[in-house]
Every structure is written in C-alpha cells, then in structure tokens.
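Please read the structure below before turning to the comments.
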Amino acid sequence: MDFVEKYQSVFVLVAILGGLALGQVSGVAPLADQLILPFLMVMLFAAFTGIPLSRLRSAFGNRRVIGSSLLINFIWSPLLAVALGAVFLRNHPALWVGLIMLMVTPCTDWYLIFTDIADGDVPLATSILPYNLVLQLILLPLYLYVFAGQLVALPVNLLVQSVVLVLIVPLVFGGITRVGLSRQMGQQWFNRRFLPKLSPLQIVFLSLAIGAMFASQGKVILNNPGLLALIAVPVVVFYAINLGIGFGVGRVFSFSYKEMVCFNNTILSRNSPTALAIAVVAFPNEPLIPLALVIGPLLELPLLGIIAQVHIVIRDRNWWPFDTTVLFNRN
C-alpha cells in the first residue's frame with residue numbers, strides 16, 4: 001500500500017474533525033452540502049474504472065469459494081445486519097438503516113490488498129469482485145425496500161434515482177474509460193501506470209466527501225455526540241461473527257490456506273463508499289443514515305489489518321490443516 005492507502009483511517013478521521021470545525025463557520029454548511037455528491041461520484045468513478053467486468057463470464061471456476069462467498073455476502077450478511085440492528089440499534093432506526101446499507105454491500109477493491117498481505121489467492125479474490133459489484137447494484141434497492149422500509153420513510157423514486165445517478169453513471173463512464181485507455185495506451189500501460197493511481201484518488205475524494213458531510217451536518221452531530229459511536233459496536237460484532245463463520249466454512253469445504261484468506265476477506269470487507277453515495281441521495285431527510293456509514297471506512301482498515309495478522313500467524317504456525325501442496329515461500 002502507498003502512503004494514502006496505508007493511512008486511510010487517518011485521512012477519514014482528519015476529514016471528520018476538519019469538517020466539524022469548518023461547519024461552525026457561517027455559510028460553509030450549505031456549500032459543503034452541495035459538494036458531497038460530486039466528491040462521491042468522482043470517488044466511485046475511480047473505483048469502477050478499476051473493476052474488470054470482463055471477468056464475469058470466466059470467473060466462476062472455483063465454485064466452492066466463490067459460491068460460498070456470494071451466499072454469505074448476499075443472504076447471510078443482510079440477515080445478520082437486521083439482527084444486529086435489532087439488538088443494538090432498536091431505538092435508533094436511522095442508524096439501523098445505515099448498518100443494513102453497510103452490511104449488504106460487499107467490497108469491490110480493498111479486500112484485494114489484505115488478501116495479498118496475508119498471502120491469499122489474489123487472482124481468485126479478483127474474480128469475485130465483478131460479481132460483488134453487479135449483485136449489489138441489483139439487490140441493494142431490494143434489501144432497502146424489504147428491510148428498511150419499516151424503519152424510515154423510503155422514497156422509492158429517490159432510491160431508483162440514486163442507484164442510476166451514483167452507481168450506473170460512474171460505472172458506465174468507468175467502463176468506457178477503462179476500455180478506451182486500454183486500447184489507446186495499451187493494457188500494460190493501463191495496469192502499471194494508470195490503475196495504481198485510482199486507489200489513492202478514491203481515498204482522497206472519499207475523505208473530501210466525508211469532510212463535506214460533517215461540515216454540512218455539524219449541528220446534528222454535535223447535538224447527538226454519542227450516536228455514531230453506537231454503530232461501532234454492531235460493526236465490530238459483525239466482523240467477529242463473520243470471521244468465525246469464514247474459518248468454519250473453510251474447514252467444512254476443506255479450503256486451502258490461500259482460499260481461506262481470500263474467502264474471509266471477501267465476506268468481511270464492506271463497500272461503505274457505495275452505500276454512502278446511495279444514502280446521500282436516497283435519504284435527504286435522514287442525515288444520520290449517511291453519517292452512520294462513515295464509521296465503515298474509519299473502522300475497516302484497522303480491523304482488516306488485525307485480521308491479516310491473524311491469518312499470518314495461522315500460516316506461520318501451520319495451523320490450517322487442508323493444504324496438500326507446498327504453500328508458502330518464506331524466503
């Protein structure tokens with residue numbers, strides 16, 4: 001990871017504090033409110049440009065890992081999010097909706113880094129990525145309608161507009177950019193020169209969007225200082241439960257160590273920026289929903305870093321029993 005990627009959580013924390021400070025200046029809040037969506041769309045454009053959707057047809061080779069990952073991400077995790085919200089956020093429906101949005105959108109980029117750090121199967125993890133993106137585009141509105149419709153007012157027309165505006169439009173432009181640059185400059189140039197710049201760009205614009213959000217909603221946050229901390233508890237519990245499930249599924253299906261690391265990262269990492277972009281447009285009268293989603297990028301990097309170290313300990317002590325080939329090159 002480069003400097004920006006390594007210190008993503010620091011960037012987000014600085015954006016939060018800076019946004020709160022700027023929000024106290026007269027006239028900043030309405031201007032910041034207008035900047036949130038453009039910042040998020042640039043961030044999503046950078047994210048989608050790096051996604052190789054051409055892998056969709058040929059990716060489903062390892063059905064044990066990919067099939068298990070999709071079942072956990074799109075059936076188990078939404079149900080777990082509803083249950084955790086019922087336990088921890090029953091009296092805070094907006095935060096509950098934010099938790100649901102966070103947990104039903106699996107990651108489409110960051111988990112690759114932590115799969116690589118822990119010596120997991122990165123090509124296999126990459127092959128899951130297009131499925132995560134396409135399925136969450138299709139299922140996120142359905143999840144919100146089924147799970148969140150009883151908690152807060154759910155304007156269906158705004159929900160549809162938000163999916164088209166903040167997901168479909170950046171996805172189309174990202175795909176056009178990817179194909180155009182690959183043909184114009186060559187695939188090698190795209191992979192080595194252009195692609196590495198996209199992840200830091202995502203983090204910068206995500207941080208700008210978060211800063212603008214906290215600047216625009218500073219009064220709401222300062223009047224409810226403990227609310228955002230409430231959502232951190234179910235998020236950490238989610239990671240603990242799914243990590244245990246990941247190890248359990250890996251043992252049942254005899255995943256190799258590399259497959260197990262890949263699988264765990266795909267079911268743990270969340271796509272909080274995408275959920276955040278949807279929430280900004282779909283819930284204009286519920287500021288706590290997008291604000292709740294900010295806890296995702298703030299917690300995700302440290303948690304995934306800790307989990308990567310857990311995987312490395314398992315690797316170094318040969319605690320994973322299902323490898324039948326030479327697994328590690330420790331030189």
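How things are named: the first chain in the structure tokens is A, the next is B, and so on; residues count from 1 in each chain; ligands count from 1 in the order shown.
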Can you tell me which residues surround Gly250 of chain A at a distance of at most 12 Å, considering only C-alpha atoms, apart from same-chain residues fewer than 2 positions away, and format the answer as an mmCIF file with C-alpha atoms, in the first residue's frame?
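File produced: part_3.cif:
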data_model
loop_
_atom_site.group_PDB
_atom_site.id
_atom_site.type_symbol
_atom_site.label_atom_id
_atom_site.label_comp_id
_atom_site.auth_asym_id
_atom_site.auth_seq_id
_atom_site.Cartn_x
_atom_site.Cartn_y
_atom_site.Cartn_z
ATOM 1 C CA ARG A 64 -16.667 -23.774 -3.605
ATOM 2 C CA VAL A 65 -15.081 -20.447 -2.682
ATOM 3 C CA ILE A 66 -16.989 -18.111 -4.986
ATOM 4 C CA SER A 68 -19.851 -19.738 -0.614
ATOM 5 C CA SER A 69 -18.741 -16.102 -0.712
ATOM 6 C CA ASN A 242 -18.236 -13.446 10.026
ATOM 7 C CA LEU A 243 -14.591 -14.214 10.724
ATOM 8 C CA GLY A 244 -15.676 -17.216 12.793
ATOM 9 C CA ILE A 245 -18.036 -18.277 10.008
ATOM 10 C CA GLY A 246 -15.229 -17.885 7.482
ATOM 11 C CA PHE A 247 -12.992 -20.285 9.383
ATOM 12 C CA GLY A 248 -15.902 -22.699 9.866
ATOM 13 C CA VAL A 252 -16.220 -27.741 6.111
ATOM 14 C CA PHE A 253 -15.243 -27.309 2.437
ATOM 15 C CA SER A 254 -11.525 -28.002 3.005
ATOM 16 C CA PHE A 255 -10.327 -24.679 1.596
ATOM 17 C CA SER A 256 -6.579 -24.336 1.222
ATOM 18 C CA TYR A 257 -4.941 -21.592 3.279
ATOM 19 C CA LYS A 258 -4.862 -19.269 0.272
ATOM 20 C CA GLU A 259 -8.529 -19.942 -0.480
ATOM 21 C CA MET A 260 -9.443 -19.420 3.173
ATOM 22 C CA VAL A 261 -7.731 -15.997 3.294
ATOM 23 C CA CYS A 262 -9.432 -14.980 0.064
ATOM 24 C CA PHE A 263 -12.808 -16.165 1.337
ATOM 25 C CA ASN A 264 -12.519 -14.442 4.715
ATOM 26 C CA TRP A 320 -4.506 -24.598 8.802
ATOM 27 C CA PRO A 321 -4.872 -28.321 8.009
ATOM 28 C CA PHE A 322 -6.066 -28.546 4.415
ATOM 29 C CA ASP A 323 -3.067 -27.745 2.213
#
Using only C-alpha atoms, find each residue of segment 139-241 of chain A with at least one atom at most 10 Å away from an atom of segment 84-104 of chain A; report its shortest atom-to-atom pair and that distance in Å (one decimal), sort the rows by chain and rising residue number, and return the result as JSON lines.
{"residue": "A:Leu139", "atom": "CA", "partner": "A:Val104", "partner_atom": "CA", "distance": 8.5}
{"residue": "A:Leu140", "atom": "CA", "partner": "A:Val104", "partner_atom": "CA", "distance": 6.9}
{"residue": "A:Pro141", "atom": "CA", "partner": "A:Met101", "partner_atom": "CA", "distance": 9.7}
{"residue": "A:Tyr143", "atom": "CA", "partner": "A:Val104", "partner_atom": "CA", "distance": 7.7}
{"residue": "A:Leu144", "atom": "CA", "partner": "A:Met101", "partner_atom": "CA", "distance": 7.5}
{"residue": "A:Phe147", "atom": "CA", "partner": "A:Ile100", "partner_atom": "CA", "distance": 7.9}
{"residue": "A:Ala148", "atom": "CA", "partner": "A:Val97", "partner_atom": "CA", "distance": 5.8}
{"residue": "A:Gly149", "atom": "CA", "partner": "A:Val97", "partner_atom": "CA", "distance": 9.1}
{"residue": "A:Gln150", "atom": "CA", "partner": "A:Pro93", "partner_atom": "CA", "distance": 9.2}
{"residue": "A:Leu151", "atom": "CA", "partner": "A:Pro93", "partner_atom": "CA", "distance": 5.5}
{"residue": "A:Val152", "atom": "CA", "partner": "A:Pro93", "partner_atom": "CA", "distance": 6.7}
{"residue": "A:Ala153", "atom": "CA", "partner": "A:Ala94", "partner_atom": "CA", "distance": 9.9}
{"residue": "A:Leu227", "atom": "CA", "partner": "A:Leu95", "partner_atom": "CA", "distance": 8.0}
{"residue": "A:Leu228", "atom": "CA", "partner": "A:Leu95", "partner_atom": "CA", "distance": 8.0}
{"residue": "A:Leu230", "atom": "CA", "partner": "A:Leu89", "partner_atom": "CA", "distance": 7.5}
{"residue": "A:Ile231", "atom": "CA", "partner": "A:Leu95", "partner_atom": "CA", "distance": 6.8}
{"residue": "A:Ala232", "atom": "CA", "partner": "A:Leu99", "partner_atom": "CA", "distance": 9.5}
{"residue": "A:Val233", "atom": "CA", "partner": "A:Phe88", "partner_atom": "CA", "distance": 7.8}
{"residue": "A:Pro234", "atom": "CA", "partner": "A:Leu84", "partner_atom": "CA", "distance": 5.9}
{"residue": "A:Val235", "atom": "CA", "partner": "A:Leu99", "partner_atom": "CA", "distance": 7.7}
{"residue": "A:Val237", "atom": "CA", "partner": "A:Leu84", "partner_atom": "CA", "distance": 8.2}
{"residue": "A:Phe238", "atom": "CA", "partner": "A:Leu84", "partner_atom": "CA", "distance": 7.8}
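In this model, the gap between atom CA of Gly23 of chain A and atom CA of Ser216 of chain A comes to 6.0 Å.
Shortest separation to Asn191 of chain A among A:Ser269, A:Thr49, A:Ser127, A:Ser26 occurs at residue A:Thr49, atoms counted being only C-alpha atoms.
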Hey, can you check how far atom CA of Gln202 of chain A sits from atom CA of Leu35 of chain A? 15.5 Å
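Nearest residue to Thr266 of chain A, choosing from A:Leu13, A:Met213, A:Leu112, A:Leu40 and counting only C-alpha atoms: A:Leu112.
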Using only C-alpha atoms, determine which residues lie at most 12 Å from Tyr111 of chain A, disregarding the query and same-chain residues fewer than 3 positions distant; provide the list as an MDAnalysis selection string. chainID A and resid 106:108 114:118 120:126 128:129 132 261:271 300:301 303:305 307:308
With only C-alpha atoms as the counted atoms, please give the residues lying no more than 9 Å from Val163 of chain A, apart from itself and same-chain residues fewer than 4 positions off, as a PDB file with N, CA, C and O atoms, in the first residue's frame.
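Written output follows (out_19.pdb):
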ATOM      1  N   LEU A 137     -25.542  -3.956  -7.028  1.00  0.00           N
ATOM      2  CA  LEU A 137     -26.312  -2.993  -7.814  1.00  0.00           C
ATOM      3  C   LEU A 137     -27.764  -3.437  -7.944  1.00  0.00           C
ATOM      4  O   LEU A 137     -28.691  -2.635  -7.866  1.00  0.00           O
ATOM      5  N   LEU A 140     -29.289  -4.132  -3.739  1.00  0.00           N
ATOM      6  CA  LEU A 140     -29.345  -3.094  -2.710  1.00  0.00           C
ATOM      7  C   LEU A 140     -30.723  -2.426  -2.629  1.00  0.00           C
ATOM      8  O   LEU A 140     -31.263  -2.278  -1.522  1.00  0.00           O
ATOM      9  N   PRO A 141     -31.333  -2.017  -3.755  1.00  0.00           N
ATOM     10  CA  PRO A 141     -32.688  -1.437  -3.638  1.00  0.00           C
ATOM     11  C   PRO A 141     -33.676  -2.419  -3.034  1.00  0.00           C
ATOM     12  O   PRO A 141     -34.551  -2.023  -2.243  1.00  0.00           O
ATOM     13  N   LEU A 158     -36.689   8.266  -5.288  1.00  0.00           N
ATOM     14  CA  LEU A 158     -35.338   8.744  -4.977  1.00  0.00           C
ATOM     15  C   LEU A 158     -34.343   7.595  -4.898  1.00  0.00           C
ATOM     16  O   LEU A 158     -33.180   7.745  -5.275  1.00  0.00           O
ATOM     17  N   LEU A 159     -34.810   6.452  -4.420  1.00  0.00           N
ATOM     18  CA  LEU A 159     -33.929   5.290  -4.355  1.00  0.00           C
ATOM     19  C   LEU A 159     -33.487   4.863  -5.752  1.00  0.00           C
ATOM     20  O   LEU A 159     -32.309   4.602  -5.994  1.00  0.00           O
ATOM     21  N   LEU A 167     -24.431   5.090  -9.092  1.00  0.00           N
ATOM     22  CA  LEU A 167     -23.832   3.798  -9.411  1.00  0.00           C
ATOM     23  C   LEU A 167     -23.744   3.548 -10.911  1.00  0.00           C
ATOM     24  O   LEU A 167     -22.669   3.282 -11.441  1.00  0.00           O
ATOM     25  N   ILE A 168     -24.861   3.631 -11.593  1.00  0.00           N
ATOM     26  CA  ILE A 168     -24.870   3.294 -13.021  1.00  0.00           C
ATOM     27  C   ILE A 168     -24.033   4.285 -13.819  1.00  0.00           C
ATOM     28  O   ILE A 168     -23.221   3.893 -14.671  1.00  0.00           O
ATOM     29  N   VAL A 169     -24.206   5.583 -13.575  1.00  0.00           N
ATOM     30  CA  VAL A 169     -23.475   6.597 -14.354  1.00  0.00           C
ATOM     31  C   VAL A 169     -21.955   6.458 -14.156  1.00  0.00           C
ATOM     32  O   VAL A 169     -21.205   6.373 -15.142  1.00  0.00           O
ATOM     33  N   ALA A 277     -22.805   6.791  -0.881  1.00  0.00           N
ATOM     34  CA  ALA A 277     -23.285   7.574  -2.020  1.00  0.00           C
ATOM     35  C   ALA A 277     -24.789   7.384  -2.227  1.00  0.00           C
ATOM     36  O   ALA A 277     -25.524   8.346  -2.498  1.00  0.00           O
ATOM     37  N   ILE A 278     -25.270   6.142  -2.090  1.00  0.00           N
ATOM     38  CA  ILE A 278     -26.696   5.874  -2.211  1.00  0.00           C
ATOM     39  C   ILE A 278     -27.471   6.605  -1.123  1.00  0.00           C
ATOM     40  O   ILE A 278     -28.510   7.231  -1.363  1.00  0.00           O
ATOM     41  N   VAL A 281     -28.205  10.436  -1.526  1.00  0.00           N
ATOM     42  CA  VAL A 281     -29.261  10.805  -2.472  1.00  0.00           C
ATOM     43  C   VAL A 281     -30.618  10.268  -2.041  1.00  0.00           C
ATOM     44  O   VAL A 281     -31.632  10.959  -2.139  1.00  0.00           O
ATOM     45  N   ALA A 282     -30.661   9.036  -1.558  1.00  0.00           N
ATOM     46  CA  ALA A 282     -31.937   8.378  -1.290  1.00  0.00           C
ATOM     47  C   ALA A 282     -32.604   8.861  -0.002  1.00  0.00           C
ATOM     48  O   ALA A 282     -33.826   8.758   0.123  1.00  0.00           O
TER      49      ALA A 282
END
Considering only C-alpha atoms, can you say which of A:Phe283, A:Phe214, A:Trp189, A:Phe205 comes closest to Leu17 of chain A? A:Phe214
Can you list, as a list of chain:residue names, every protein, DNA or RNA residue that comes within 8 Å of Ser272 of chain A when you count only C-alpha atoms, leaving out same-chain residues fewer than 3 positions away? A:Leu102, A:Thr105, A:Cys107, A:Ala275, A:Leu276, A:Leu293, A:Val294, A:Gly296, A:Pro297
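Atom CA of Leu291 of chain A lies 8.4 Å from atom CA of Ile210 of chain A.
Here the question is which of A:Phe190, A:Phe74, A:Tyr7, A:Phe45 gets nearest to Gly175 of chain A using only C-alpha atoms, and that residue is A:Phe45.
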Using only C-alpha atoms, which of the listed residues (A:Ala229, A:Met43, A:Val313, A:Ile306) sits closest to Ala292 of chain A? A:Ala229
